[in-house]
Each structure stands twice: as C-alpha cells, then as structure tokens.
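Q: Contents are mmCIF, C-alpha atoms; file name query30.cif:
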```cif
data_upload
#
loop_
_atom_site.label_atom_id
_atom_site.label_comp_id
_atom_site.auth_asym_id
_atom_site.auth_seq_id
_atom_site.Cartn_x
_atom_site.Cartn_y
_atom_site.Cartn_z
CA GLU U 1 18.09 3.07 26.52
CA SER U 2 17.17 2.15 22.95
CA SER U 3 18.29 -1.44 23.51
CA LEU U 4 16.33 -1.65 26.77
CA ALA U 5 13.19 -0.24 25.15
CA THR U 6 13.48 -2.72 22.27
CA ARG U 7 13.88 -5.65 24.68
CA ARG U 8 10.88 -4.58 26.72
CA MET U 9 8.71 -4.32 23.61
CA LEU U 10 9.80 -7.74 22.40
CA SER U 11 9.26 -9.22 25.86
CA SER U 12 5.65 -7.99 25.85
CA TYR U 13 5.10 -9.96 22.64
CA PHE U 14 7.08 -13.07 23.52
CA TYR U 15 5.95 -13.54 27.11
CA GLY U 16 2.69 -11.59 27.30
CA PRO U 17 -0.84 -13.06 27.57
CA GLY U 18 -1.23 -13.04 23.78
CA MET U 19 1.25 -15.89 23.43
CA ASP U 20 -1.51 -18.45 24.09
CA VAL U 21 -3.34 -17.16 21.02
CA TRP U 22 -0.16 -17.48 18.97
CA ARG U 23 0.39 -21.07 20.08
CA ILE U 24 -3.18 -22.04 19.25
CA GLY U 25 -2.89 -20.34 15.86
CA CYS U 26 0.39 -22.06 15.15
CA ALA U 27 -0.89 -25.54 15.95
CA ASP U 28 -1.96 -25.98 12.33
CA GLU U 29 1.16 -25.14 10.36
CA SER U 30 -0.76 -24.84 7.07
CA SER U 31 -2.89 -21.95 8.32
CA SER U 32 -0.69 -20.36 11.00
CA ASN U 33 0.53 -16.79 10.91
CA VAL U 34 4.04 -16.92 9.50
CA TYR U 35 5.27 -14.04 11.68
CA ALA U 36 3.92 -15.59 14.89
CA SER U 37 5.47 -18.94 13.96
CA THR U 38 8.87 -17.36 13.30
CA LEU U 39 8.82 -15.33 16.50
CA LEU U 40 7.84 -18.42 18.50
CA HIS U 41 10.79 -20.34 17.06
CA LEU U 42 13.09 -17.44 17.93
CA ALA U 43 11.70 -17.32 21.47
CA LYS U 44 12.27 -21.06 21.93
CA SER U 45 15.83 -20.84 20.60
CA SER U 46 16.88 -18.03 22.94
CA ASP U 47 18.44 -18.61 26.33
CA THR U 48 16.14 -16.96 28.90
CA LYS U 49 18.91 -16.97 31.51
CA LYS U 50 21.17 -14.75 29.40
CA SER U 51 20.71 -11.30 27.95
CA PRO U 52 19.53 -11.50 24.28
CA SER U 53 22.21 -10.97 21.67
CA THR U 54 22.20 -7.97 19.34
CA GLY U 55 21.44 -10.21 16.37
CA TRP U 56 18.48 -11.80 18.15
CA ILE U 57 17.03 -8.41 19.11
CA GLN U 58 17.35 -6.91 15.63
CA THR U 59 16.05 -10.01 13.86
CA SER U 60 13.02 -10.28 16.14
CA SER U 61 12.32 -6.55 15.92
CA THR U 62 12.53 -6.59 12.12
CA ILE U 63 10.09 -9.50 11.87
CA LEU U 64 7.71 -7.83 14.32
CA HIS U 65 7.96 -4.55 12.39
CA GLU U 66 6.98 -6.24 9.14
CA TRP U 67 4.10 -8.00 10.86
CA CYS U 68 2.81 -4.67 12.19
CA VAL U 69 3.08 -3.10 8.74
CA ARG U 70 1.22 -5.97 7.05
CA SER U 71 -1.50 -5.99 9.72
CA TYR U 72 -1.90 -2.17 9.60
CA ASP U 73 -0.70 -1.59 13.17
CA PHE U 74 1.04 1.61 12.08
CA SER U 75 1.61 3.05 15.55
CA MET U 76 3.58 0.00 16.65
CA ALA U 77 5.39 -0.13 13.30
CA ARG U 78 6.59 3.47 13.66
CA SER U 79 7.75 2.81 17.23
CA LEU U 80 9.72 -0.25 16.14
CA GLN U 81 11.18 1.66 13.19
CA CYS U 82 12.45 4.36 15.54
CA LEU U 83 13.87 1.81 17.99
CA LEU U 84 15.57 -0.17 15.23
CA ASN U 85 17.18 2.98 13.80
CA ASN U 86 18.40 4.11 17.21
CA HIS U 87 19.67 0.65 18.11
CA ALA U 88 21.60 0.34 14.82
CA ALA U 89 23.20 3.75 15.39
CA LEU U 90 24.81 2.61 18.64
CA PRO U 91 28.36 1.21 18.38
CA SER U 92 27.33 -1.83 20.40
CA GLY U 93 24.18 -2.33 18.36
CA ALA U 94 25.65 -2.36 14.87
CA LEU U 95 24.89 -5.79 13.41
CA MET U 96 25.69 -4.84 9.80
CA PRO U 97 27.79 -2.20 8.00
CA ALA U 98 26.38 1.33 7.99
CA ILE U 99 25.38 1.22 4.31
CA GLU U 100 23.39 -2.00 4.67
CA ALA U 101 21.78 -0.68 7.85
CA SER U 102 20.72 2.49 6.03
CA LEU U 103 19.27 0.45 3.16
CA ALA U 104 17.34 -1.74 5.59
CA SER U 105 15.93 1.34 7.32
CA LEU U 106 14.90 2.95 4.03
CA THR U 107 13.27 -0.30 2.89
CA ARG U 108 11.24 -0.51 6.11
CA SER U 109 10.19 3.11 5.64
CA THR U 110 9.15 2.38 2.04
CA HIS U 111 6.97 -0.57 3.03
CA LEU U 112 5.31 1.39 5.83
CA SER U 113 4.54 4.33 3.52
CA ILE U 114 3.07 2.03 0.87
CA GLN U 115 0.70 0.46 3.40
CA GLN U 116 -0.31 3.95 4.52
CA ARG U 117 -0.92 4.88 0.86
CA ASP U 118 1.63 7.68 1.17
CA TYR U 119 3.13 6.90 -2.21
CA GLU U 120 5.20 10.08 -2.60
CA ARG U 121 7.02 9.42 0.67
CA ALA U 122 7.48 5.77 -0.34
CA LYS U 123 9.04 6.88 -3.63
CA THR U 124 11.36 9.26 -1.83
CA SER U 125 12.65 6.47 0.43
CA ALA U 126 13.01 4.02 -2.46
CA ARG U 127 14.89 6.55 -4.62
CA ARG U 128 17.29 7.30 -1.77
CA ALA U 129 17.89 3.60 -1.27
CA CYS U 130 18.38 3.07 -5.00
CA TRP U 131 20.95 5.88 -5.20
CA LEU U 132 22.76 4.60 -2.11
CA ALA U 133 22.97 1.05 -3.47
CA SER U 134 24.13 2.27 -6.89
CA HIS U 135 26.74 4.60 -5.37
CA HIS U 136 28.28 1.75 -3.37
CA GLY U 137 28.02 -0.91 -6.07
CA LEU U 138 25.46 -3.06 -4.26
CA LEU U 139 23.88 -4.48 -7.39
CA PHE U 140 21.30 -6.76 -5.82
CA GLN U 141 20.09 -3.98 -3.52
CA GLN U 142 19.96 -1.59 -6.48
CA ALA U 143 17.82 -4.01 -8.49
CA TRP U 144 15.61 -4.65 -5.46
CA GLN U 145 15.02 -0.93 -4.91
CA LEU U 146 14.20 -0.47 -8.61
CA LEU U 147 11.60 -3.19 -8.15
CA GLN U 148 10.22 -1.30 -5.13
CA LEU U 149 9.83 1.84 -7.26
CA ALA U 150 7.85 -0.16 -9.80
CA LEU U 151 5.68 -1.74 -7.11
CA ILE U 152 4.88 1.70 -5.71
CA ASP U 153 3.64 2.83 -9.15
CA LEU U 154 1.57 -0.35 -9.45
CA GLU U 155 0.01 0.18 -6.04
CA SER U 156 -0.72 3.86 -6.70
CA SER U 157 -2.32 3.02 -10.08
CA SER U 158 -5.29 1.50 -8.26
CA CYS U 159 -6.36 4.95 -7.06
CA ALA U 160 -5.00 7.12 -9.90
CA PRO U 161 -5.42 7.50 -13.68
CA GLN U 162 -4.47 4.50 -15.81
CA SER U 163 -1.40 6.31 -17.19
CA THR U 164 0.21 5.87 -13.76
CA ILE U 165 0.74 2.17 -14.37
CA GLU U 166 3.05 2.91 -17.31
CA ARG U 167 5.48 4.67 -14.96
CA ALA U 168 6.39 1.26 -13.57
CA ILE U 169 7.92 0.17 -16.89
CA PRO U 170 11.30 2.07 -16.81
CA PRO U 171 12.39 0.87 -13.32
CA LEU U 172 11.19 -2.64 -14.12
CA LEU U 173 13.19 -2.78 -17.35
CA GLU U 174 16.28 -1.45 -15.56
CA CYS U 175 15.78 -4.03 -12.82
CA LEU U 176 15.42 -6.83 -15.39
CA SER U 177 18.57 -5.67 -17.18
CA LEU U 178 20.60 -5.81 -13.96
CA CYS U 179 19.18 -9.22 -13.11
CA GLU U 180 20.07 -10.63 -16.52
CA ASP U 181 23.58 -9.15 -16.49
CA TYR U 182 24.42 -10.50 -13.03
CA PHE U 183 22.38 -13.74 -13.06
CA MET U 184 19.92 -12.81 -10.32
CA ASP U 185 17.27 -15.25 -11.55
CA PRO U 186 14.86 -15.25 -8.54
CA LEU U 187 14.70 -11.44 -8.51
CA ARG U 188 14.26 -11.44 -12.28
CA ALA U 189 11.26 -13.76 -11.90
CA VAL U 190 9.68 -11.40 -9.37
CA ALA U 191 10.29 -8.44 -11.70
CA LEU U 192 8.67 -10.38 -14.56
CA SER U 193 5.59 -11.01 -12.40
CA ALA U 194 5.39 -7.26 -11.74
CA LEU U 195 5.80 -6.53 -15.47
CA ALA U 196 2.98 -8.99 -16.13
CA LYS U 197 0.77 -6.87 -13.89
CA VAL U 198 1.61 -3.85 -16.03
CA HIS U 199 0.63 -5.73 -19.19
CA LEU U 200 -2.61 -6.81 -17.56
CA GLY U 201 -3.40 -3.21 -16.62
CA MET U 202 -2.90 -2.26 -20.29
CA GLY U 203 -5.31 -4.98 -21.44
CA ARG U 204 -2.70 -7.48 -22.66
CA PHE U 205 -3.89 -10.37 -20.52
CA ARG U 206 -2.38 -13.13 -22.68
CA LYS U 207 1.06 -11.50 -22.65
CA ALA U 208 0.74 -11.10 -18.89
CA ARG U 209 -0.25 -14.73 -18.43
CA SER U 210 2.69 -15.96 -20.53
CA MET U 211 5.12 -13.95 -18.38
CA LEU U 212 3.59 -15.25 -15.18
CA ASN U 213 3.70 -18.86 -16.34
CA ALA U 214 7.41 -18.41 -17.13
CA ALA U 215 8.21 -16.79 -13.78
CA MET U 216 5.82 -18.53 -11.40
CA SER U 217 8.08 -21.45 -10.47
CA LEU U 218 10.93 -19.25 -9.19
CA VAL U 219 8.55 -16.77 -7.56
CA MET U 220 6.88 -19.54 -5.57
CA GLN U 221 10.26 -21.04 -4.60
CA HIS U 222 12.18 -17.88 -3.64
CA GLY U 223 9.80 -14.92 -3.50
CA HIS U 224 8.43 -13.29 -0.37
CA LEU U 225 4.99 -14.64 0.57
CA TRP U 226 3.36 -11.33 -0.33
CA LEU U 227 4.96 -11.43 -3.79
CA GLN U 228 3.74 -15.01 -4.21
CA SER U 229 0.19 -13.97 -3.37
CA GLU U 230 0.43 -11.06 -5.83
CA ALA U 231 1.58 -13.38 -8.61
CA CYS U 232 -1.35 -15.75 -7.97
CA LEU U 233 -3.79 -12.84 -7.84
CA THR U 234 -2.49 -11.38 -11.10
CA LEU U 235 -2.70 -14.77 -12.81
CA ALA U 236 -6.29 -15.14 -11.63
CA LYS U 237 -7.10 -11.70 -13.03
CA CYS U 238 -5.59 -12.74 -16.38
CA HIS U 239 -7.93 -15.74 -16.58
CA LEU U 240 -10.93 -13.65 -15.57
CA ALA U 241 -10.04 -10.96 -18.12
CA GLU U 242 -9.89 -13.54 -20.91
CA ALA U 243 -13.19 -15.06 -19.76
CA SER U 244 -14.84 -11.63 -19.88
CA TRP U 245 -13.33 -11.00 -23.32
CA ILE U 246 -14.70 -14.27 -24.66
CA GLU U 247 -18.07 -13.63 -23.07
CA GLY U 248 -18.31 -10.22 -24.72
CA GLY U 249 -17.03 -11.42 -28.12
CA LYS U 250 -19.09 -11.90 -31.25
CA PRO U 251 -20.44 -15.40 -32.05
CA GLY U 252 -18.22 -17.18 -34.51
CA ASP U 253 -15.02 -15.36 -33.49
CA LEU U 254 -11.98 -17.57 -33.24
CA ILE U 255 -11.14 -17.79 -29.54
CA SER U 256 -8.14 -19.65 -28.16
CA ASP U 257 -8.64 -21.41 -24.84
CA ARG U 258 -5.90 -22.02 -22.29
CA LYS U 259 -4.91 -25.31 -23.95
CA GLY U 260 -4.45 -23.68 -27.33
CA ILE U 261 -7.54 -25.27 -28.91
CA LEU U 262 -9.60 -22.99 -31.16
CA SER U 263 -13.35 -22.85 -30.60
CA THR U 264 -15.91 -21.19 -32.84
CA THR U 265 -19.18 -22.44 -31.40
CA ASP U 266 -21.19 -21.01 -28.52
CA SER U 267 -20.81 -24.29 -26.62
CA GLY U 268 -17.06 -24.09 -27.12
CA HIS U 269 -17.08 -20.55 -25.76
CA ALA U 270 -19.03 -21.67 -22.70
CA ILE U 271 -16.52 -24.43 -21.97
CA ASP U 272 -13.63 -22.00 -22.41
CA ILE U 273 -15.22 -19.52 -20.00
CA MET U 274 -15.93 -22.21 -17.41
CA ASN U 275 -12.36 -23.56 -17.57
CA LEU U 276 -10.88 -20.07 -17.26
CA ARG U 277 -13.05 -19.21 -14.26
CA GLN U 278 -12.25 -22.49 -12.53
CA THR U 279 -8.53 -21.86 -13.02
CA ALA U 280 -8.95 -18.29 -11.73
CA LEU U 281 -10.77 -19.59 -8.64
CA PHE U 282 -7.90 -21.99 -7.92
CA GLN U 283 -5.35 -19.13 -8.12
CA LEU U 284 -7.53 -16.88 -5.95
CA GLU U 285 -7.72 -19.58 -3.29
CA LYS U 286 -3.91 -19.91 -3.34
CA SER U 287 -3.51 -16.14 -3.01
CA ALA U 288 -6.01 -15.97 -0.14
CA SER U 289 -4.30 -18.83 1.69
CA ILE U 290 -0.97 -17.01 1.54
CA LEU U 291 -2.43 -13.67 2.61
CA GLU U 292 -4.06 -15.28 5.64
CA GLN U 293 -0.57 -16.19 6.85
CA LEU U 294 0.47 -12.52 6.58
CA ASP U 295 -2.56 -10.91 8.27
CA ASP U 296 -2.89 -8.62 5.23
CA ILE U 297 -6.62 -8.01 5.60
CA SER U 298 -6.83 -5.26 2.98
CA ARG U 299 -5.35 -7.39 0.18
CA LEU U 300 -7.34 -10.39 1.36
CA ARG U 301 -10.50 -8.32 0.97
CA GLU U 302 -9.55 -7.61 -2.65
CA VAL U 303 -9.03 -11.31 -3.31
#
```
What would you get if you wrote out this structure as structure tokens?

A:
Amino acid sequence: ESSLATRRMLSSYFYGPGMDVWRIGCADESSSNVYASTLLHLAKSSDTKKSPSTGWIQTSSTILHEWCVRSYDFSMARSLQCLLNNHAALPSGALMPAIEASLASLTRSTHLSIQQRDYERAKTSARRACWLASHHGLLFQQAWQLLQLALIDLESSSCAPQSTIERAIPPLLECLSLCEDYFMDPLRAVALSALAKVHLGMGRFRKARSMLNAAMSLVMQHGHLWLQSEACLTLAKCHLAEASWIEGGKPGDLISDRKGILSTTDSGHAIDIMNLRQTALFQLEKSASILEQLDDISRLREV
C-alpha cells in the first residue's frame, strides 16, 4: 500500500497538468528550477511500460520531498516523509541498509523542522543522527550531522539572543577536526563557510571573509546549492559590514580596502566603500540566482 501510494503521488507530479509549467520553466537551463529539471530527467529515463523500480521511486520521492521543504509545502513534505519511511521499512522496499535509511529519514526530518522554525525538534533529530553515525563508525555522516547541528544554531540565532550563535562553535570545530583527520575536504570547506558566518555574527568580518575566500572554491564545486547561496550571502554581508565600518570610522583612520591598499583620505574611503558595495552586490546576485533555482522564497526575500 505504501509503494502504491508513493507511485500515485509521483504520477500526479510527473504526468499531471503541471508538467507543462515545468517544461516551460526548464527551457532556460540557467534559470530553471533544479528539482523540476531533475524530476523531468528521471521521468524521461523511466520505462512507462514497466513498473518503476524501488530505486527510481525512492530517488524521485526524496527529490520531491526536498523540493516541498524548500518551497514551504509542509503538508506535502510530511506526507512524503511518512511514505518514504513506510516504503523503506518494507523488505521489498529497502534500497539501503537500515542504518543509512534511518540516517536519511532523520536528516529529512531535520531539514523539515528547520524550515518550520521548530529548532528544538530539528536539534533532537540531528543529535539522534549524530549518535547513530558515531555508534556505527560512519565518519562522514557523523561530520555531516555535526554540521547540521551548527546550522540549526545559526538559523535560530536570527530570532534569538546573539549568544545563541556561539553555540554553533563546538559542533563546527568537531566537524572540522573529523574532516581534517579523514581528508573530507569538500565537507571541511562547507564547515569553514559556516564558521565564517559565526565570525561575522561576532563582528569579525575580515576573519569571516578570509575563511570564505579560502573555502569558496570547494563549496561552489561540491556543496549543495543552498550551501552555495549561503556562502555567497555571507560573503556579501562581510563586504557590507566592512563598508559600514569604514563609513562610520573617524577621518584619518587607516582603513585597508579589499586589495590591501591603505587609505587615509575621505576620497580613499569613498572609493573603498563603493568597491565593497559593488562586490557585495555581485555576491548577492549570485546568491539570488541560486535560490531562484531552489524555490526558497523566504531566503530569497532576505537576499
């Protein structure tokens, strides 16, 4: 029954009237919705004359679940979460070992709770996943869940006292330690971009920018699109913070611009501020372009 329900839900997306909208939106690859594009490719690759495979069903459902979470369609996301959990519990539906399936379920639950701003529930899911990964020696998953714990603290800091942002430091440092010990460079770069956000929240915008510049290449190559947009947004905020600091500084102060040239004149300050704001605008446009592909309207509004 779970498998049949999942197939029916996917069929309504793949072959329903909304598919024309998807195809029109995917005509321009640079601005298309990444989830719609992926689901369309999966639909084209499947054999309509045969029953869909277990792998095809779970992959499509997972992509659709993430799309619903990012686009704030929580009712559909919860339904898919339930169907995915039930389908994975069936002997015929098990695509991965039980431990990995449990971690995937907990990760989906974490992401859904974060979008719903239910940070305590998100932390509970992430801690369970972290313990499970550590208990079974799944080092990458352990580091990833530590990163999730840090991201939850960073998200909750936007609507809580500033001291909340400091809670992200311990899991981030533990994540970075695991990444360095086991050569997980892409994940380390993502963790560095999150640590840069912590430094920015504490007023250390130059330290944050240095970290981001060091990590940005790997984040843009290997990171999830949402993590890429966050890195660009944080970098833009670093430039804007420095521009505000220069603007509010005393005349004659030694101010270092982004090229390392020292300026002491008011005209030099004005040039520094203009350059910083132009660079920030470029990063904001990159972040917005990525978020448009994810349908994350809330984050796009912030940008």

Q: Out of U:Ser75, U:Thr164, U:Asn33, U:Gln283, which residue has the shortest atom-to-atom distance to Leu151 of chain U when counting only C-alpha atoms?

A: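 When distances to Leu151 of chain U are compared using only C-alpha atoms, the smallest one comes from U:Thr164.
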
Q: Could you write out as an MDAnalysis selection string the residues that the PyMOL selection byres ((chain U and resi 225) around 12) matches in the shown file?

A: chainID U and resid 33:35 70 190 219:224 226:232 286:296

Q: How would you write, as a list of chain:residue names, the residues chosen by the PyMOL selection byres ((chain U and resi 196-208) around 7) on this structure?

A: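 With the PyMOL selection byres ((chain U and resi 196-208) around 7) on this model, the match is U:Ile165, U:Leu192, U:Ser193, U:Ala194, U:Leu195, U:Arg209, U:Ser210, U:Met211, U:Leu212, U:Thr234, U:Cys238, U:Ala241, U:Glu242.
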
Q: May I ask which of the residues U:Thr110, U:Cys179, U:Leu146, U:Gln81 is the closest one to Arg167 of chain U, counting all atoms listed in the file?

A: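 Once distances to Arg167 of chain U are computed over all atoms listed in the file, the minimum belongs to U:Leu146.
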
Q: For segment 72-87 of chain U, I'd like the enclosing box, axis-aligned and padded by 6 Å on every side, reported as JSON with centre and edge lengths in Å to one decimal.

A:
```
{"center_x": 8.9, "center_y": 1.1, "center_z": 13.9, "size_x": 33.6, "size_y": 18.5, "size_z": 20.5}
```

Q: Taking 4 positions as the minimum chain separation for residues in the same chain, which residues sit within 10 Å of segment 126-142 of chain U when counting all atoms listed in the file? Answer as a ChimeraX atom specification.

A: /U:99-100,102-111,120-122,146-150,152,174-175,178-179,182,184,187

Q: Report the distance between atom CA of Cys82 of chain U and atom CA of Trp56 of chain U in Å, rounded to one decimal place.

A: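 These two atoms are separated by 17.4 Å.
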
Q: Please, what distance in Å, to one decimal, runs between atom CA of Ala280 of chain U and atom CA of His239 of chain U?

A: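 The value is 5.6 Å.
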
Q: What does the distance from atom CA of Arg301 of chain U to atom CA of Arg78 of chain U come to in Å, to one decimal?

A: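 Between these atoms lies a distance of 24.3 Å.
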
Q: Go through U:Ser46, U:Ser244, U:Ser61, U:Ser156 and flag the residue nearest Asp272 of chain U, using all atoms listed in the file for the distances.

A: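 Comparing U:Ser46, U:Ser244, U:Ser61, U:Ser156 against Asp272 of chain U, the winner is U:Ser244.
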
Q: I need the residue nearest Arg117 of chain U from this list: U:Gln58, U:Asn213, U:Glu180, U:Ser298. Use all atoms listed in the file for the distance.

A: U:Ser298
